[in-house]
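Asks: File structure.pdb below, PDB, C-alpha atoms:
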```pdb
ATOM      1  CA  MET F1295      45.468 -44.531  68.092
ATOM      2  CA  THR F1296      45.220 -40.778  67.811
ATOM      3  CA  GLN F1297      44.499 -38.133  70.426
ATOM      4  CA  ASP F1298      41.551 -36.762  68.419
ATOM      5  CA  GLY F1299      38.799 -38.654  70.298
ATOM      6  CA  VAL F1300      40.204 -38.170  73.831
ATOM      7  CA  ASN F1301      38.460 -35.760  76.176
ATOM      8  CA  LYS F1302      41.391 -34.331  78.175
ATOM      9  CA  GLY F1303      39.150 -32.536  80.664
ATOM     10  CA  ARG F1304      37.323 -35.749  81.479
ATOM     11  CA  ARG F1305      40.610 -37.637  81.852
ATOM     12  CA  ARG F1306      41.968 -34.992  84.262
ATOM     13  CA  PHE F1307      38.738 -35.168  86.295
ATOM     14  CA  LEU F1308      39.037 -38.985  86.538
ATOM     15  CA  TYR F1309      42.670 -38.730  87.716
ATOM     16  CA  ILE F1310      41.762 -36.180  90.407
ATOM     17  CA  ALA F1311      38.663 -38.100  91.520
ATOM     18  CA  THR F1312      40.591 -41.394  91.721
ATOM     19  CA  GLY F1313      43.393 -39.703  93.702
ATOM     20  CA  ALA F1314      40.904 -38.109  96.106
ATOM     21  CA  VAL F1315      39.065 -41.410  96.719
ATOM     22  CA  GLY F1316      42.444 -43.130  97.280
ATOM     23  CA  ALA F1317      43.526 -40.441  99.788
ATOM     24  CA  VAL F1318      40.253 -40.724 101.734
ATOM     25  CA  GLY F1319      40.647 -44.511 101.785
ATOM     26  CA  ALA F1320      44.241 -44.231 103.045
ATOM     27  CA  VAL F1321      43.139 -41.899 105.869
ATOM     28  CA  GLY F1322      40.300 -44.276 106.729
ATOM     29  CA  VAL F1323      42.689 -47.216 106.966
ATOM     30  CA  ALA F1324      45.397 -45.270 108.857
ATOM     31  CA  THR F1325      43.118 -43.727 111.510
ATOM     32  CA  PRO F1326      42.530 -46.913 113.586
ATOM     33  CA  PHE F1327      46.212 -47.783 113.255
ATOM     34  CA  VAL F1328      47.330 -44.380 114.570
ATOM     35  CA  LYS F1329      44.693 -44.470 117.357
ATOM     36  CA  SER F1330      46.150 -47.781 118.535
ATOM     37  CA  TRP F1331      49.366 -45.965 119.474
ATOM     38  CA  PHE F1332      47.568 -44.069 122.233
ATOM     39  CA  PRO F1333      46.350 -45.686 125.482
ATOM     40  CA  SER F1334      42.645 -46.335 125.815
ATOM     41  CA  GLU F1335      40.528 -44.720 128.513
ATOM     42  CA  LYS F1336      40.460 -48.062 130.335
ATOM     43  CA  ALA F1337      44.262 -48.257 130.287
ATOM     44  CA  LYS F1338      44.520 -44.687 131.586
ATOM     45  CA  ALA F1339      42.105 -45.479 134.415
ATOM     46  CA  VAL F1340      44.066 -48.572 135.455
ATOM     47  CA  GLY F1341      47.173 -46.474 136.120
ATOM     48  CA  ALA F1342      45.306 -43.541 137.623
ATOM     49  CA  PRO F1343      45.791 -42.596 141.261
ATOM     50  CA  VAL F1344      43.225 -43.904 143.742
ATOM     51  CA  SER F1345      42.041 -41.888 146.752
ATOM     52  CA  VAL F1346      40.441 -43.362 149.852
ATOM     53  CA  ASP F1347      39.325 -41.922 153.198
ATOM     54  CA  ILE F1348      41.295 -43.665 155.960
ATOM     55  CA  GLY F1349      39.767 -41.804 158.894
ATOM     56  CA  SER F1350      37.538 -44.719 159.901
ATOM     57  CA  ILE F1351      40.257 -47.406 160.026
ATOM     58  CA  GLU F1352      40.689 -48.507 163.650
ATOM     59  CA  SER F1353      44.014 -49.437 165.280
ATOM     60  CA  GLY F1354      45.001 -52.978 164.353
ATOM     61  CA  GLU F1355      42.592 -53.022 161.396
ATOM     62  CA  MET F1356      43.336 -53.544 157.698
ATOM     63  CA  ARG F1357      41.464 -52.330 154.608
ATOM     64  CA  ILE F1358      42.050 -53.432 151.038
ATOM     65  CA  VAL F1359      42.061 -50.954 148.148
ATOM     66  CA  GLU F1360      42.546 -51.865 144.475
ATOM     67  CA  TRP F1361      45.174 -49.955 142.492
ATOM     68  CA  ARG F1362      46.446 -50.966 139.027
ATOM     69  CA  GLY F1363      44.623 -54.278 139.347
ATOM     70  CA  LYS F1364      46.464 -55.211 142.556
ATOM     71  CA  PRO F1365      45.269 -55.276 146.154
ATOM     72  CA  VAL F1366      46.839 -52.617 148.367
ATOM     73  CA  PHE F1367      46.733 -53.296 152.104
ATOM     74  CA  VAL F1368      46.180 -50.269 154.321
ATOM     75  CA  VAL F1369      46.930 -51.153 157.953
ATOM     76  CA  ARG F1370      46.611 -48.866 160.981
ATOM     77  CA  ARG F1371      49.194 -50.279 163.372
ATOM     78  CA  THR F1372      48.954 -50.150 167.161
ATOM     79  CA  ALA F1373      51.753 -48.763 169.358
ATOM     80  CA  GLU F1374      52.696 -52.346 170.280
ATOM     81  CA  MET F1375      53.012 -53.301 166.606
ATOM     82  CA  ILE F1376      55.298 -50.336 165.964
ATOM     83  CA  GLU F1377      57.539 -51.228 168.926
ATOM     84  CA  THR F1378      57.820 -54.822 167.680
ATOM     85  CA  LEU F1379      59.069 -53.568 164.298
ATOM     86  CA  LYS F1380      61.949 -51.707 165.936
ATOM     87  CA  GLY F1381      63.099 -54.668 168.040
ATOM     88  CA  GLU F1382      66.425 -56.362 167.310
ATOM     89  CA  ALA F1383      64.934 -59.827 167.944
ATOM     90  CA  LEU F1384      62.696 -59.395 164.889
ATOM     91  CA  LYS F1385      65.335 -57.705 162.710
ATOM     92  CA  SER F1386      67.728 -60.627 163.184
ATOM     93  CA  ARG F1387      65.160 -62.916 161.512
ATOM     94  CA  LEU F1388      64.657 -60.718 158.426
ATOM     95  CA  ALA F1389      66.412 -61.011 155.053
ATOM     96  CA  ASP F1390      66.438 -57.238 154.345
ATOM     97  CA  PRO F1391      65.680 -55.452 157.653
ATOM     98  CA  GLU F1392      66.977 -52.063 156.443
ATOM     99  CA  SER F1393      64.989 -52.196 153.153
ATOM    100  CA  GLU F1394      68.130 -51.798 151.074
ATOM    101  CA  VAL F1395      66.596 -53.438 147.991
ATOM    102  CA  GLU F1396      64.613 -50.610 146.405
ATOM    103  CA  GLN F1397      60.944 -51.572 146.609
ATOM    104  CA  GLN F1398      59.649 -48.453 148.236
ATOM    105  CA  PRO F1399      59.792 -44.706 147.779
ATOM    106  CA  SER F1400      62.714 -43.094 149.605
ATOM    107  CA  PHE F1401      60.379 -41.782 152.336
ATOM    108  CA  ALA F1402      59.598 -45.378 153.329
ATOM    109  CA  GLN F1403      63.145 -46.634 153.852
ATOM    110  CA  ASN F1404      62.789 -46.957 157.624
ATOM    111  CA  ASP F1405      61.739 -49.580 160.205
ATOM    112  CA  THR F1406      58.036 -48.993 159.600
ATOM    113  CA  ARG F1407      58.429 -48.518 155.812
ATOM    114  CA  SER F1408      55.859 -45.740 155.878
ATOM    115  CA  LEU F1409      55.192 -42.002 155.884
ATOM    116  CA  SER F1410      53.456 -42.237 159.235
ATOM    117  CA  GLU F1411      54.554 -44.945 161.705
ATOM    118  CA  GLU F1412      51.010 -45.997 162.430
ATOM    119  CA  LEU F1413      49.878 -46.335 158.793
ATOM    120  CA  LEU F1414      51.229 -49.023 156.463
ATOM    121  CA  VAL F1415      50.359 -48.820 152.756
ATOM    122  CA  ILE F1416      51.680 -51.877 150.912
ATOM    123  CA  GLU F1417      50.917 -53.897 147.793
ATOM    124  CA  GLY F1418      49.191 -57.069 148.989
ATOM    125  CA  VAL F1419      51.212 -59.300 146.705
ATOM    126  CA  CYS F1420      53.803 -61.900 147.746
ATOM    127  CA  THR F1421      57.117 -61.282 145.984
ATOM    128  CA  HIS F1422      57.565 -65.009 145.370
ATOM    129  CA  LEU F1423      54.829 -65.889 142.857
ATOM    130  CA  GLY F1424      52.294 -63.077 143.221
ATOM    131  CA  CYS F1425      49.893 -64.717 145.698
ATOM    132  CA  SER F1426      48.059 -62.549 148.228
ATOM    133  CA  PRO F1427      49.370 -63.065 151.785
ATOM    134  CA  LYS F1428      47.018 -63.217 154.762
ATOM    135  CA  PHE F1429      47.110 -60.511 157.412
ATOM    136  CA  THR F1430      47.828 -62.171 160.763
ATOM    137  CA  PRO F1431      48.379 -59.384 163.317
ATOM    138  CA  GLU F1432      48.132 -61.541 166.441
ATOM    139  CA  VAL F1433      51.350 -61.919 168.461
ATOM    140  CA  GLU F1434      51.076 -65.595 169.282
ATOM    141  CA  PRO F1435      52.632 -68.875 168.166
ATOM    142  CA  GLN F1436      51.402 -70.021 164.771
ATOM    143  CA  ALA F1437      51.741 -73.407 163.059
ATOM    144  CA  TYR F1438      54.221 -71.821 160.631
ATOM    145  CA  ASP F1439      56.196 -69.822 163.252
ATOM    146  CA  ALA F1440      56.445 -70.473 166.989
ATOM    147  CA  LYS F1441      57.850 -66.932 167.558
ATOM    148  CA  TRP F1442      55.273 -65.083 165.443
ATOM    149  CA  GLN F1443      55.189 -61.327 166.122
ATOM    150  CA  GLY F1444      52.407 -60.480 163.683
ATOM    151  CA  GLY F1445      52.582 -59.764 159.984
ATOM    152  CA  PHE F1446      51.657 -61.346 156.675
ATOM    153  CA  PHE F1447      51.787 -65.057 155.823
ATOM    154  CA  CYS F1448      51.457 -66.522 152.335
ATOM    155  CA  PRO F1449      49.896 -69.986 152.788
ATOM    156  CA  CYS F1450      50.606 -70.983 149.172
ATOM    157  CA  HIS F1451      54.357 -71.465 149.616
ATOM    158  CA  GLY F1452      55.075 -70.387 153.202
ATOM    159  CA  SER F1453      56.561 -66.913 152.768
ATOM    160  CA  LYS F1454      56.433 -64.701 155.869
ATOM    161  CA  PHE F1455      56.594 -60.918 156.193
ATOM    162  CA  ASP F1456      56.558 -58.692 159.276
ATOM    163  CA  LEU F1457      54.096 -55.834 159.884
ATOM    164  CA  SER F1458      56.200 -53.609 157.593
ATOM    165  CA  GLY F1459      56.181 -56.135 154.764
ATOM    166  CA  ARG F1460      59.851 -57.076 155.316
ATOM    167  CA  VAL F1461      60.574 -60.662 154.282
ATOM    168  CA  PHE F1462      61.869 -63.281 156.711
ATOM    169  CA  SER F1463      65.074 -65.178 155.960
ATOM    170  CA  GLY F1464      64.775 -68.702 154.590
ATOM    171  CA  VAL F1465      61.389 -68.370 152.877
ATOM    172  CA  PRO F1466      60.613 -68.619 149.134
ATOM    173  CA  ALA F1467      59.917 -64.873 148.710
ATOM    174  CA  PRO F1468      63.176 -63.175 147.666
ATOM    175  CA  THR F1469      62.389 -59.567 148.628
ATOM    176  CA  ASN F1470      60.267 -57.348 150.838
ATOM    177  CA  MET F1471      56.710 -56.523 149.765
ATOM    178  CA  VAL F1472      56.423 -53.446 147.529
ATOM    179  CA  ILE F1473      55.420 -50.045 148.923
ATOM    180  CA  PRO F1474      53.480 -48.119 146.238
ATOM    181  CA  PRO F1475      53.956 -44.384 145.805
ATOM    182  CA  HIS F1476      51.406 -42.597 147.971
ATOM    183  CA  LYS F1477      50.653 -39.466 149.955
ATOM    184  CA  ILE F1478      48.468 -38.650 152.938
ATOM    185  CA  GLU F1479      46.584 -35.362 153.320
ATOM    186  CA  GLY F1480      44.540 -35.329 156.513
ATOM    187  CA  THR F1481      42.422 -38.476 156.320
ATOM    188  CA  LEU F1482      42.734 -38.814 152.537
ATOM    189  CA  LEU F1483      45.211 -41.392 151.228
ATOM    190  CA  THR F1484      46.124 -41.135 147.553
ATOM    191  CA  ILE F1485      47.882 -44.162 146.074
ATOM    192  CA  GLY F1486      49.818 -43.538 142.872
ATOM    193  CA  GLU F1487      51.085 -40.030 143.696
ATOM    194  CA  VAL F1488      53.890 -38.798 145.921
ATOM    195  CA  ALA F1489      53.669 -35.470 147.768
TER     196      ALA F1489
END
```
Show me the file's structure as structure tokens.
Replies:
Amino acid sequence: MTQDGVNKGRRRFLYIATGAVGAVGAVGVATPFVKSWFPSEKAKAVGAPVSVDIGSIESGEMRIVEWRGKPVFVVRRTAEMIETLKGEALKSRLADPESEVEQQPSFAQNDTRSLSEELLVIEGVCTHLGCSPKFTPEVEPQAYDAKWQGGFFCPCHGSKFDLSGRVFSGVPAPTNMVIPPHKIEGTLLTIGEVA
């Protein structure tokens, strides 16, 4: 075969056109793949901080806020509740009374495990199997504890926590309940950010 009948200009055009179509196709295929490396708007929102006005929470009352798909208990403790938390009788029954296992920001490594003694902000999840414990603030004998001083009880497997979320000894839950990062500005609580 000879080169006499070949249109070199047409051949060059076909090479360039084929290359261009191939490049556009490669970009079209790669775009969704590259976009998958970045978090979606829904994923960003799940991890976003949550703000809630806590000014209307009465003493002894609990509110539940959702953050990162988990319930967060916000409890305004009474003066009696706070005094109970500092008592040696209660501390002797706890597995980690000084909160030495890190499950809270450094500001919450105290008897009340909080920024402000009266306000507890805690993930409402049992550290045993992830159930949601019940808030039982009454200081009175319970079927699960004759010396109950108030706190959280997980009816699924019997784990008990005090009003700071510290775990009792001898229950299935291995550690204290988790304190999420948070800050308080006036009556506005922001969960997911630290001041």
Asks: Which residues, named as in the file, does the PyMOL selection byres ((chain F and resi 1375) around 9) pick out? Answer as a list in words.
Replies: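 Going through the file, the PyMOL selection byres ((chain F and resi 1375) around 9) ends up selecting Gly1354, Arg1371, Thr1372, Ala1373, Glu1374, Ile1376, Glu1377, Thr1378, Leu1379, Glu1412, Pro1431, Val1433, Gln1443, Gly1444 and Leu1457 of chain F.
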Asks: Just to confirm, what's the straight-line distance from CA of Val1461 in chain F to CA of Val1346 in chain F in Å (one decimal)?
Replies: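 Between CA of Val1461 in chain F and CA of Val1346 in chain F the gap is 26.9 Å.
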Asks: Please determine, counting only C-alpha atoms, which residue among F:Glu1382, F:Glu1396, F:Asp1347, F:Glu1411 has the shortest atom-to-atom distance to Arg1370 in chain F.
Replies: F:Glu1411
Asks: Env of range 1413-1427 of chain F: 10 Å cut, atoms = all atoms listed in the file, seq-sep filter 6 positions within chain, self excluded. Answer as number ranges by chain.
Replies: F: 1348, 1351, 1353-1354, 1356-1361, 1364-1372, 1376, 1398, 1402, 1406-1407, 1445-1455, 1457-1459, 1461, 1465-1478, 1483, 1485
Asks: Between CA of Gly1341 in chain F and CA of Gly1363 in chain F, measure the distance and give it in Å to one decimal.
Replies: 8.8 Å
Asks: Interatomic distance between CA of Gly1349 in chain F and CA of Leu1482 in chain F?
Replies: 7.6 Å
Asks: Applying 9 Å and all atoms listed in the file, which residues near Trp1442 in chain F remain after dropping the ones on its own chain fewer than 5 positions away? List them as a ChimeraX atom specification.
Replies: /F:1432-1436,1456
